[in-house]
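Enquirer: My structure file entry_35.txt, compact mmCIF, C-alpha atoms, is below:
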# COMPACT_ATOMS: atom_id res chain seq x y z
CA MET A 1208 0.00 0.00 0.00
CA ILE A 1209 2.73 2.44 1.01
CA LYS A 1210 4.59 1.54 -2.16
CA LYS A 1211 1.60 2.60 -4.28
CA ILE A 1212 1.33 5.91 -2.43
CA ILE A 1213 5.02 6.62 -3.04
CA VAL A 1214 4.62 5.79 -6.74
CA LEU A 1215 1.58 8.07 -7.05
CA PHE A 1216 3.42 10.88 -5.25
CA ILE A 1217 6.43 10.61 -7.59
CA LEU A 1218 4.13 10.55 -10.65
CA VAL A 1219 2.30 13.68 -9.48
CA VAL A 1220 5.58 15.52 -8.85
CA VAL A 1221 6.97 14.57 -12.27
CA GLY A 1222 3.69 15.57 -13.92
CA ILE A 1223 3.66 18.99 -12.28
CA PHE A 1224 7.20 19.70 -13.42
CA LEU A 1225 6.45 18.48 -16.99
CA ILE A 1226 3.36 20.72 -17.22
CA GLU A 1227 5.42 23.66 -15.91
CA ALA A 1228 8.07 23.05 -18.56
CA PHE A 1229 5.68 22.50 -21.47
CA THR A 1230 3.66 25.63 -20.80
CA LYS A 1231 6.86 27.68 -21.05
CA ILE A 1232 7.66 26.37 -24.57
CA PRO A 1233 6.04 28.60 -27.20
CA PHE A 1234 3.88 26.47 -29.50
CA GLY A 1235 3.88 27.07 -33.23
CA VAL A 1236 6.67 29.65 -33.14
CA LYS A 1237 9.82 29.30 -35.20
CA ARG A 1238 12.87 28.79 -33.03
CA SER A 1239 15.44 28.09 -35.74
CA GLY A 1240 15.74 28.81 -39.44
CA VAL A 1241 16.64 25.26 -40.42
CA SER A 1242 13.06 24.25 -41.32
CA ASP A 1243 12.85 27.03 -43.89
CA PHE A 1244 16.15 25.87 -45.36
CA TYR A 1245 14.84 22.31 -45.75
CA LEU A 1246 11.50 23.39 -47.22
CA ILE A 1247 13.16 25.63 -49.82
CA GLU A 1248 16.23 23.55 -50.65
CA SER A 1249 14.67 20.11 -51.12
CA PRO A 1250 12.41 21.01 -54.08
CA GLN A 1251 14.92 23.46 -55.58
CA THR A 1252 18.35 21.89 -55.20
CA ASN A 1253 17.58 18.20 -54.67
CA LYS A 1254 14.43 18.16 -56.86
CA VAL A 1255 12.69 15.88 -54.36
CA ALA A 1256 8.94 16.29 -53.85
CA ASN A 1257 8.77 14.57 -50.45
CA VAL A 1258 10.64 16.82 -48.03
CA VAL A 1259 10.79 14.12 -45.35
CA THR A 1260 12.70 11.79 -47.69
CA SER A 1261 15.02 14.60 -48.66
CA ILE A 1262 15.86 15.23 -45.01
CA VAL A 1263 16.15 11.57 -44.02
CA VAL A 1264 18.32 10.42 -46.94
CA ASN A 1265 20.26 13.51 -47.98
CA PHE A 1266 20.52 16.19 -45.30
CA ARG A 1267 20.55 13.61 -42.47
CA GLY A 1268 21.87 10.69 -44.50
CA PHE A 1269 24.54 9.76 -42.00
CA ASP A 1270 21.90 9.34 -39.27
CA THR A 1271 19.97 6.99 -41.57
CA LEU A 1272 23.13 4.94 -42.05
CA GLY A 1273 23.32 4.71 -38.26
CA GLU A 1274 19.69 3.54 -38.05
CA VAL A 1275 20.30 0.89 -40.69
CA THR A 1276 23.37 -0.25 -38.74
CA VAL A 1277 21.32 -0.53 -35.53
CA LEU A 1278 18.76 -2.71 -37.32
CA PHE A 1279 21.54 -4.79 -38.85
CA LEU A 1280 23.18 -5.35 -35.47
CA ALA A 1281 19.83 -6.31 -33.90
CA ALA A 1282 19.11 -8.84 -36.65
CA THR A 1283 22.64 -10.23 -36.44
CA GLY A 1284 22.43 -10.64 -32.67
CA LEU A 1285 19.05 -12.34 -32.95
CA GLY A 1286 20.35 -14.71 -35.59
CA SER A 1287 23.50 -15.56 -33.67
CA ILE A 1288 21.51 -16.39 -30.54
CA LEU A 1289 18.46 -18.15 -31.98
CA TYR A 1290 19.32 -19.47 -35.43
CA ARG A 1291 20.38 -23.07 -35.81
CA ARG A 1292 20.53 -25.09 -38.99
CA ARG A 1293 17.78 -27.70 -38.95
CA LYS A 1294 16.65 -30.64 -41.00
CA LYS A 1295 13.69 -30.37 -43.34
CA LYS A 1296 11.13 -31.96 -41.07
CA PHE A 1297 11.74 -29.51 -38.25
CA HIS A 1298 10.54 -26.75 -40.54
CA GLU A 1299 7.18 -28.45 -40.70
CA ALA A 1300 6.83 -28.34 -36.92
CA ARG A 1301 6.72 -24.56 -36.94
CA VAL A 1302 2.94 -24.40 -36.92
CA LYS A 1303 1.19 -26.86 -34.63
CA ILE A 1304 -1.98 -27.27 -36.66
CA ALA A 1305 -2.01 -26.97 -40.44
CA SER A 1306 -3.82 -23.83 -41.50
CA SER A 1307 -7.10 -24.04 -43.34
CA ARG A 1308 -7.53 -24.10 -47.11
CA ILE A 1309 -9.14 -20.65 -47.00
CA LEU A 1310 -6.08 -19.08 -45.35
CA GLN A 1311 -3.72 -20.81 -47.78
CA ILE A 1312 -5.56 -19.67 -50.91
CA GLY A 1313 -6.06 -16.19 -49.45
CA ALA A 1314 -2.38 -15.90 -48.63
CA GLN A 1315 -1.50 -17.00 -52.17
CA MET A 1316 -3.74 -14.28 -53.58
CA ILE A 1317 -2.67 -11.48 -51.23
CA PHE A 1318 1.09 -12.16 -51.23
CA PRO A 1319 1.95 -10.67 -54.70
CA VAL A 1320 -0.15 -7.58 -53.97
CA VAL A 1321 1.60 -7.02 -50.63
CA ILE A 1322 5.03 -7.37 -52.25
CA LEU A 1323 3.98 -4.96 -55.02
CA LEU A 1324 2.73 -2.41 -52.46
CA GLY A 1325 6.01 -2.59 -50.51
CA ALA A 1326 8.09 -2.21 -53.68
CA TYR A 1327 5.92 0.71 -54.81
CA ILE A 1328 6.37 2.45 -51.47
CA PHE A 1329 10.16 2.28 -51.48
CA ILE A 1330 10.60 2.97 -55.20
CA HIS A 1331 8.38 6.07 -54.94
CA GLY A 1332 9.94 7.11 -51.63
CA HIS A 1333 11.04 10.49 -53.01
CA LEU A 1334 7.63 11.29 -54.52
CA THR A 1335 4.98 9.98 -52.12
CA PRO A 1336 4.92 9.37 -48.35
CA GLY A 1337 6.87 6.38 -47.14
CA GLY A 1338 10.23 5.01 -48.07
CA GLY A 1339 12.71 2.23 -47.52
CA PHE A 1340 11.83 1.36 -43.95
CA GLN A 1341 8.06 1.26 -44.46
CA GLY A 1342 8.26 -0.66 -47.75
CA GLY A 1343 10.70 -3.16 -46.26
CA VAL A 1344 8.44 -3.84 -43.29
CA ILE A 1345 5.44 -4.36 -45.59
CA ILE A 1346 7.40 -6.88 -47.69
CA ALA A 1347 8.46 -8.71 -44.52
CA THR A 1348 4.82 -8.99 -43.40
CA GLY A 1349 4.00 -10.48 -46.81
CA PHE A 1350 6.58 -13.21 -46.23
CA LEU A 1351 5.23 -13.67 -42.70
CA LEU A 1352 1.79 -14.40 -44.18
CA LEU A 1353 3.29 -17.24 -46.23
CA MET A 1354 5.25 -18.55 -43.23
CA ILE A 1355 2.19 -18.86 -41.01
CA SER A 1356 -0.07 -20.34 -43.68
CA TYR A 1357 2.27 -22.95 -45.22
CA ARG A 1358 4.00 -25.36 -42.87
CA GLY A 1359 6.78 -26.26 -45.28
CA PHE A 1360 7.65 -22.70 -46.33
CA SER A 1361 11.01 -21.43 -45.25
CA VAL A 1362 13.31 -18.74 -46.56
CA ASN A 1363 16.87 -19.38 -47.66
CA HIS A 1364 19.06 -17.62 -45.12
CA ARG A 1365 22.08 -17.62 -47.42
CA THR A 1366 20.19 -15.69 -50.12
CA ILE A 1367 18.81 -13.30 -47.53
CA SER A 1368 22.22 -12.49 -46.11
CA TRP A 1369 23.58 -11.92 -49.63
CA ILE A 1370 20.78 -9.48 -50.48
CA GLU A 1371 21.27 -7.73 -47.16
CA SER A 1372 25.03 -7.34 -47.58
CA LEU A 1373 24.76 -6.12 -51.18
CA ALA A 1374 22.14 -3.52 -50.20
CA GLY A 1375 24.25 -2.29 -47.29
CA MET A 1376 27.32 -2.10 -49.52
CA THR A 1377 25.34 -0.08 -52.09
CA PHE A 1378 24.40 2.46 -49.42
CA VAL A 1379 27.94 2.87 -48.11
CA GLY A 1380 29.40 2.73 -51.63
CA PHE A 1381 27.27 5.62 -52.90
CA GLY A 1382 28.21 7.57 -49.80
CA LEU A 1383 31.90 6.98 -50.45
CA ILE A 1384 31.58 7.94 -54.14
CA GLY A 1385 30.06 11.22 -52.94
CA LEU A 1386 33.04 11.69 -50.66
CA ILE A 1387 35.47 11.05 -53.53
CA LYS A 1388 33.71 13.06 -56.25
CA GLY A 1389 32.42 15.88 -54.08
CA THR A 1390 33.29 17.11 -50.64
CA THR A 1391 31.19 15.23 -48.09
CA PHE A 1392 30.02 11.71 -47.37
CA LEU A 1393 26.67 10.98 -49.12
CA GLN A 1394 26.85 14.08 -51.28
CA ASN A 1395 24.28 14.12 -54.07
CA PHE A 1396 26.64 13.77 -57.05
CA LEU A 1397 24.21 12.41 -59.68
CA PRO A 1398 22.14 14.75 -61.89
CA THR A 1399 18.93 15.55 -60.04
CA GLY A 1400 16.53 15.70 -63.00
CA GLU A 1401 13.05 17.20 -62.95
CA LEU A 1402 10.83 17.66 -59.91
CA ASN A 1403 8.03 15.04 -59.58
CA ASN A 1404 9.61 12.61 -62.07
CA LEU A 1405 10.29 9.01 -61.08
CA ILE A 1406 13.96 9.35 -62.01
CA SER A 1407 14.86 12.42 -60.00
CA GLY A 1408 16.66 13.37 -56.86
CA GLY A 1409 20.03 11.86 -57.77
CA ILE A 1410 21.22 9.26 -55.28
CA ILE A 1411 18.19 9.63 -52.98
CA GLY A 1412 16.00 7.15 -54.88
CA ILE A 1413 18.82 4.62 -55.26
CA ILE A 1414 19.67 4.73 -51.58
CA TYR A 1415 16.05 4.29 -50.53
CA VAL A 1416 15.70 1.23 -52.77
CA ALA A 1417 18.83 -0.21 -51.12
CA VAL A 1418 17.42 0.53 -47.66
CA GLY A 1419 14.14 -1.14 -48.66
CA PHE A 1420 15.88 -4.35 -49.74
CA LYS A 1421 18.02 -4.34 -46.61
CA VAL A 1422 15.14 -3.85 -44.16
CA ALA A 1423 12.95 -6.41 -45.95
CA SER A 1424 15.62 -9.12 -45.93
CA GLU A 1425 16.65 -8.45 -42.33
CA LEU A 1426 13.12 -8.55 -40.96
CA THR A 1427 12.17 -11.62 -43.02
CA GLY A 1428 15.19 -13.47 -41.67
CA ALA A 1429 14.44 -12.35 -38.12
CA LEU A 1430 10.79 -13.45 -38.32
CA ASP A 1431 11.79 -16.82 -39.79
CA THR A 1432 14.28 -17.33 -36.96
CA PHE A 1433 11.64 -16.37 -34.38
CA LEU A 1434 9.04 -18.73 -35.79
CA LEU A 1435 11.44 -21.66 -36.09
CA ASN A 1436 12.60 -21.33 -32.53
CA ASN A 1437 9.67 -22.56 -30.52
CA LYS A 1438 8.80 -25.26 -28.08
CA GLN A 1439 7.50 -27.84 -30.48
CA VAL A 1440 10.76 -27.87 -32.37
CA THR A 1441 12.85 -28.30 -29.25
CA HIS A 1442 10.60 -31.14 -28.08
CA LEU A 1443 11.07 -32.89 -31.39
CA GLU A 1444 14.80 -32.50 -31.12
CA ASP A 1445 14.78 -34.01 -27.63
CA GLU A 1446 13.00 -37.07 -28.91
CA GLU A 1447 15.53 -37.68 -31.65
CA MET B 905 -13.89 21.29 -39.67
CA THR B 906 -16.09 20.10 -36.82
CA GLY B 907 -16.26 16.67 -38.48
CA ILE B 908 -12.50 16.29 -38.22
CA ILE B 909 -12.57 17.40 -34.59
CA ILE B 910 -15.24 14.79 -33.81
CA ILE B 911 -13.20 12.04 -35.54
CA ILE B 912 -10.04 13.07 -33.68
CA SER B 913 -11.80 13.05 -30.30
CA VAL B 914 -13.38 9.63 -30.96
CA LEU B 915 -9.98 8.24 -31.97
CA SER B 916 -8.35 9.74 -28.88
CA ILE B 917 -10.99 8.17 -26.61
CA LEU B 918 -10.44 4.81 -28.36
CA LEU B 919 -6.68 5.20 -27.91
CA ILE B 920 -6.85 6.00 -24.19
CA GLY B 921 -9.50 3.34 -23.59
CA SER B 922 -7.49 0.56 -25.21
CA GLY B 923 -4.38 1.74 -23.37
CA ILE B 924 -6.14 1.41 -20.03
CA PHE B 925 -7.59 -1.96 -21.08
CA ALA B 926 -4.10 -3.22 -22.03
CA ILE B 927 -2.83 -2.38 -18.54
CA VAL B 928 -5.82 -3.72 -16.62
CA THR B 929 -6.47 -7.02 -18.38
CA LYS B 930 -4.84 -10.22 -17.10
CA ASN B 931 -4.93 -12.03 -20.44
CA LEU B 932 -1.74 -11.12 -22.29
CA LEU B 933 -3.18 -11.90 -25.72
CA HIS B 934 -5.97 -9.37 -25.17
CA ALA B 935 -3.38 -6.82 -24.04
CA VAL B 936 -1.35 -7.32 -27.23
CA ILE B 937 -4.44 -6.89 -29.41
CA ALA B 938 -5.27 -3.71 -27.45
CA THR B 939 -1.80 -2.31 -28.18
CA GLY B 940 -2.42 -3.09 -31.85
CA VAL B 941 -5.65 -1.07 -31.66
CA ILE B 942 -3.66 1.79 -30.08
CA SER B 943 -1.26 1.78 -33.03
CA LEU B 944 -4.13 1.68 -35.52
CA ALA B 945 -5.89 4.69 -33.94
CA LEU B 946 -2.56 6.48 -33.66
CA SER B 947 -1.74 5.98 -37.35
CA VAL B 948 -5.15 7.38 -38.40
CA LEU B 949 -4.53 10.33 -36.07
CA PHE B 950 -1.11 10.95 -37.63
CA PHE B 951 -2.70 10.88 -41.08
CA LEU B 952 -5.40 13.36 -40.07
CA LEU B 953 -2.73 15.65 -38.62
CA HIS B 954 -0.90 15.75 -42.00
CA ALA B 955 1.97 13.42 -41.18
CA PRO B 956 1.52 10.59 -43.73
CA ASP B 957 5.12 9.35 -43.43
CA VAL B 958 4.79 8.73 -39.71
CA ALA B 959 1.31 7.24 -40.23
CA LEU B 960 2.71 4.72 -42.71
CA THR B 961 5.51 3.75 -40.33
CA GLU B 962 3.12 3.36 -37.42
CA ALA B 963 0.71 1.26 -39.48
CA ALA B 964 3.42 -1.06 -40.81
CA ILE B 965 5.48 -1.51 -37.65
CA GLY B 966 3.04 -0.88 -34.81
CA VAL B 967 0.01 -2.73 -36.13
CA ALA B 968 1.62 -5.64 -37.95
CA LEU B 969 5.17 -6.37 -36.87
CA THR B 970 5.13 -5.61 -33.12
CA THR B 971 1.83 -7.43 -32.62
CA ILE B 972 3.11 -10.50 -34.45
CA ILE B 973 6.36 -10.60 -32.47
CA PHE B 974 4.46 -10.30 -29.18
CA ILE B 975 2.08 -13.08 -30.25
CA ILE B 976 5.04 -15.35 -31.08
CA ALA B 977 6.51 -14.59 -27.66
CA ILE B 978 3.18 -15.36 -25.95
CA ARG B 979 2.89 -18.63 -27.85
CA ASN B 980 6.25 -19.70 -26.51
CA THR B 981 5.46 -18.68 -22.90
CA THR B 982 2.14 -18.36 -21.06
CA GLU B 983 -1.03 -16.55 -21.95
CA LYS B 984 -2.03 -15.44 -18.45
CA GLU B 985 -0.29 -12.80 -16.41
CA ASP B 986 0.68 -14.02 -12.94
CA ASP B 987 -0.85 -12.26 -9.96
CA GLY B 988 2.48 -11.08 -8.58
CA LYS B 989 2.51 -13.47 -5.61
CA ARG B 990 5.86 -14.94 -4.76
CA VAL B 991 6.28 -18.64 -5.34
CA LYS B 992 7.75 -20.70 -2.52
CA LYS B 993 10.81 -22.72 -3.30
CA THR B 994 9.01 -26.01 -2.75
CA ASP B 995 6.34 -25.09 -5.31
CA LYS B 996 8.74 -24.21 -8.08
CA PRO B 997 9.04 -27.56 -9.91
CA GLU B 998 5.24 -27.81 -10.20
CA VAL B 999 5.01 -24.34 -11.71
CA ASN B 1000 7.57 -25.28 -14.33
CA LYS B 1001 5.64 -28.42 -15.16
CA VAL B 1002 2.47 -26.45 -15.88
CA ASN B 1003 4.30 -24.35 -18.41
As structure tokens, please, write out the structure in this file.

Expert:
Amino acid sequence: MIKKIIVLFILVVVGIFLIEAFTKIPFGVKRSGVSDFYLIESPQTNKVANVVTSIVVNFRGFDTLGEVTVLFLAATGLGSILYRRRKKKFHEARVKIASSRILQIGAQMIFPVVILLGAYIFIHGHLTPGGGFQGGVIIATGFLLLMISYRGFSVNHRTISWIESLAGMTFVGFGLIGLIKGTTFLQNFLPTGELNNLISGGIIGIIYVAVGFKVASELTGALDTFLLNNKQVTHLEDEE
Amino acid sequence: MTGIIIIISVLSILLIGSGIFAIVTKNLLHAVIATGVISLALSVLFFLLHAPDVALTEAAIGVALTTIIFIIAIRNTTEKEDDGKRVKKTDKPEVNKVN
């Protein structure tokens, strides 16, 4: 009881201080000129319609590389802890009960559309909302649909790691070319083209496609590892 | 204009309600579904507030991926939350057997 009172007291104190602080911040008032710079420069210099993509990939491209690295390290750690090579019949023990015919046919019909939507989102990342991360996650959920509806379905981890490494190398490689040809890492050295065209924005589109492939392959591998590593499989292994 | 305000307030009530439900309920599967509902309402809110990039991220990661990973974790552990009572040392083997 006394513990709950102490917790409530601390929450009230923290809340009062947060309200005090937030009321002092002016809302809707410009506090730095950097937003104007982004809003003017990304359509004019970079020729990118989606300002968010322009910031994420070009102005703050190094931060995006850091995010991709964090995701890569998380997937690698997960794989190194959970992934073990298994025989074919252990793959079939992933789902306890075979899914119904309706789910299987539905998954077959939805899967190409989901993959197409994900690819559309990361290819058009510089024109419409979304980009590499969102498209990659959508593609991974498409593969997840197949994994939970077909017992025998499994992804080839060797192929996935190849795709992932090539996409990561593309990202870093384009950054290094910018460093060699221009002045800074990830400088936009390609011709930027016309605003609102599919081929525009220089390296921004290429890098977002690479990020999309990388995120999709990482998350698909991680989900496959998760689903394989469950109790039924370990029980089967104990019986062997 | 008032229509949008009504939609936003309904979504906010849904968001807070499912958040409270996720804390209160003892069934972990229901709690995970409630967090999925939070993400869904939040992504619609982001879209209405002119942030389609964030809405897309929230819809893809919050609704689909996080929910699925939690459900996989629940499948490999238990579905019910324990009541916080400490287990005596003599009872421990039986508890493990139930799992």

Enquirer: Only residues of chain B matter here; which ones have an atom within 10 Å of chain A, counting only C-alpha atoms? Give them as a list in words.

Expert: Ala955, Pro956, Asp957, Val958, Ala959, Leu960, Thr961, Glu962, Ala963, Ala964, Ile965, Ala968, Leu969, Ile972, Ile973, Ile976, Ala977, Arg979, Asn980 and Thr981 of chain B

Enquirer: Would you please work out which residue, of A:Gly1313, A:Gly1359, A:Gly1273, A:Gly1284, is nearest to A:Phe1378 when using only C-alpha atoms?

Expert: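 Result for the nearest residue to A:Phe1378: A:Gly1273.
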
Enquirer: Write out as a short mmCIF file (atom, residue, chain, number, x, y, z; two decimals) with C-alpha atoms, keeping the file's coordinate frame each polymer residue whose atoms come within 6 Å of stretch 905-922 of chain B, counting all atoms listed in the file; drop sequence neighbours fewer than 6 positions from it.

Expert:
data_model
loop_
_atom_site.label_atom_id
_atom_site.label_comp_id
_atom_site.auth_asym_id
_atom_site.auth_seq_id
_atom_site.Cartn_x
_atom_site.Cartn_y
_atom_site.Cartn_z
CA ALA B 938 -5.27 -3.71 -27.45
CA ILE B 942 -3.66 1.79 -30.08
CA ALA B 945 -5.89 4.69 -33.94
#

Enquirer: Could you jot down the atom CA of A:Thr1276 to atom CA of A:Gly1389 separation for me, Å, one decimal place?

Expert: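 Between atom CA of A:Thr1276 and atom CA of A:Gly1389 the gap is 24.0 Å.
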
Enquirer: Go ahead and compute the interatomic distance for atom CA of A:Lys1254 and atom CA of A:Leu1383, in Å to one decimal.

Expert: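 For atom CA of A:Lys1254 relative to atom CA of A:Leu1383, the distance reads 21.7 Å.
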
Enquirer: Pull the neighbourhood of (20.7, -11.1, -34.7) for me: all residues within 12 Å in file coordinates, counting all atoms listed in the file, as a PDB file with C-alpha atoms, in the coordinates of the input.

Expert:
ATOM      1  CA  THR A1276      23.370  -0.250 -38.740  1.00  0.00           C
ATOM      2  CA  VAL A1277      21.320  -0.530 -35.530  1.00  0.00           C
ATOM      3  CA  LEU A1278      18.760  -2.710 -37.320  1.00  0.00           C
ATOM      4  CA  PHE A1279      21.540  -4.790 -38.850  1.00  0.00           C
ATOM      5  CA  LEU A1280      23.180  -5.350 -35.470  1.00  0.00           C
ATOM      6  CA  ALA A1281      19.830  -6.310 -33.900  1.00  0.00           C
ATOM      7  CA  ALA A1282      19.110  -8.840 -36.650  1.00  0.00           C
ATOM      8  CA  THR A1283      22.640 -10.230 -36.440  1.00  0.00           C
ATOM      9  CA  GLY A1284      22.430 -10.640 -32.670  1.00  0.00           C
ATOM     10  CA  LEU A1285      19.050 -12.340 -32.950  1.00  0.00           C
ATOM     11  CA  GLY A1286      20.350 -14.710 -35.590  1.00  0.00           C
ATOM     12  CA  SER A1287      23.500 -15.560 -33.670  1.00  0.00           C
ATOM     13  CA  ILE A1288      21.510 -16.390 -30.540  1.00  0.00           C
ATOM     14  CA  LEU A1289      18.460 -18.150 -31.980  1.00  0.00           C
ATOM     15  CA  TYR A1290      19.320 -19.470 -35.430  1.00  0.00           C
ATOM     16  CA  SER A1368      22.220 -12.490 -46.110  1.00  0.00           C
ATOM     17  CA  GLU A1425      16.650  -8.450 -42.330  1.00  0.00           C
ATOM     18  CA  LEU A1426      13.120  -8.550 -40.960  1.00  0.00           C
ATOM     19  CA  THR A1427      12.170 -11.620 -43.020  1.00  0.00           C
ATOM     20  CA  GLY A1428      15.190 -13.470 -41.670  1.00  0.00           C
ATOM     21  CA  ALA A1429      14.440 -12.350 -38.120  1.00  0.00           C
ATOM     22  CA  LEU A1430      10.790 -13.450 -38.320  1.00  0.00           C
ATOM     23  CA  ASP A1431      11.790 -16.820 -39.790  1.00  0.00           C
ATOM     24  CA  THR A1432      14.280 -17.330 -36.960  1.00  0.00           C
ATOM     25  CA  PHE A1433      11.640 -16.370 -34.380  1.00  0.00           C
TER      26      PHE A1433
END

Enquirer: Tell me, in Å to one decimal, how far atom CA of A:Gly1349 is from atom CA of A:Phe1318.

Expert: 5.6 Å

Enquirer: My structure is short of atoms at stretch 961-977 of chain B; please model N, CA, C and O atoms there, returning them as a compact mmCIF listing (two decimals), in the coordinates of the input.

Expert:
# COMPACT_ATOMS: atom_id res chain seq x y z
N THR B 961 4.61 4.49 -41.19
CA THR B 961 5.51 3.75 -40.33
C THR B 961 4.76 3.09 -39.19
O THR B 961 4.96 1.92 -38.88
N GLU B 962 3.86 3.88 -38.56
CA GLU B 962 3.12 3.36 -37.42
C GLU B 962 2.22 2.20 -37.84
O GLU B 962 2.11 1.20 -37.13
N ALA B 963 1.60 2.32 -39.03
CA ALA B 963 0.71 1.26 -39.48
C ALA B 963 1.49 -0.01 -39.78
O ALA B 963 1.06 -1.11 -39.46
N ALA B 964 2.67 0.13 -40.41
CA ALA B 964 3.42 -1.06 -40.81
C ALA B 964 4.08 -1.72 -39.61
O ALA B 964 4.03 -2.93 -39.46
N ILE B 965 4.71 -0.93 -38.75
CA ILE B 965 5.48 -1.51 -37.65
C ILE B 965 4.61 -1.75 -36.44
O ILE B 965 4.60 -2.83 -35.86
N GLY B 966 3.80 -0.74 -36.05
CA GLY B 966 3.04 -0.88 -34.81
C GLY B 966 1.92 -1.89 -34.91
O GLY B 966 1.72 -2.69 -34.01
N VAL B 967 1.18 -1.85 -36.03
CA VAL B 967 0.01 -2.73 -36.13
C VAL B 967 0.45 -4.15 -36.47
O VAL B 967 0.02 -5.11 -35.84
N ALA B 968 1.32 -4.29 -37.47
CA ALA B 968 1.62 -5.64 -37.95
C ALA B 968 2.77 -6.27 -37.20
O ALA B 968 2.62 -7.28 -36.52
N LEU B 969 3.95 -5.66 -37.27
CA LEU B 969 5.17 -6.37 -36.87
C LEU B 969 5.26 -6.57 -35.37
O LEU B 969 5.52 -7.67 -34.89
N THR B 970 5.00 -5.49 -34.58
CA THR B 970 5.13 -5.61 -33.12
C THR B 970 4.11 -6.60 -32.56
O THR B 970 4.44 -7.42 -31.71
N THR B 971 2.86 -6.52 -33.09
CA THR B 971 1.83 -7.43 -32.62
C THR B 971 2.22 -8.88 -32.88
O THR B 971 2.08 -9.74 -32.00
N ILE B 972 2.74 -9.13 -34.09
CA ILE B 972 3.11 -10.50 -34.45
C ILE B 972 4.23 -11.01 -33.55
O ILE B 972 4.20 -12.14 -33.05
N ILE B 973 5.23 -10.15 -33.29
CA ILE B 973 6.36 -10.60 -32.47
C ILE B 973 5.90 -10.89 -31.05
O ILE B 973 6.30 -11.88 -30.43
N PHE B 974 4.99 -10.03 -30.52
CA PHE B 974 4.46 -10.30 -29.18
C PHE B 974 3.66 -11.60 -29.15
O PHE B 974 3.74 -12.35 -28.18
N ILE B 975 2.89 -11.86 -30.23
CA ILE B 975 2.08 -13.08 -30.25
C ILE B 975 2.98 -14.31 -30.29
O ILE B 975 2.72 -15.31 -29.62
N ILE B 976 4.09 -14.23 -31.06
CA ILE B 976 5.04 -15.35 -31.08
C ILE B 976 5.62 -15.58 -29.68
O ILE B 976 5.74 -16.71 -29.21
N ALA B 977 5.95 -14.46 -29.01
CA ALA B 977 6.51 -14.59 -27.66
C ALA B 977 5.50 -15.20 -26.71
O ALA B 977 5.85 -16.05 -25.88
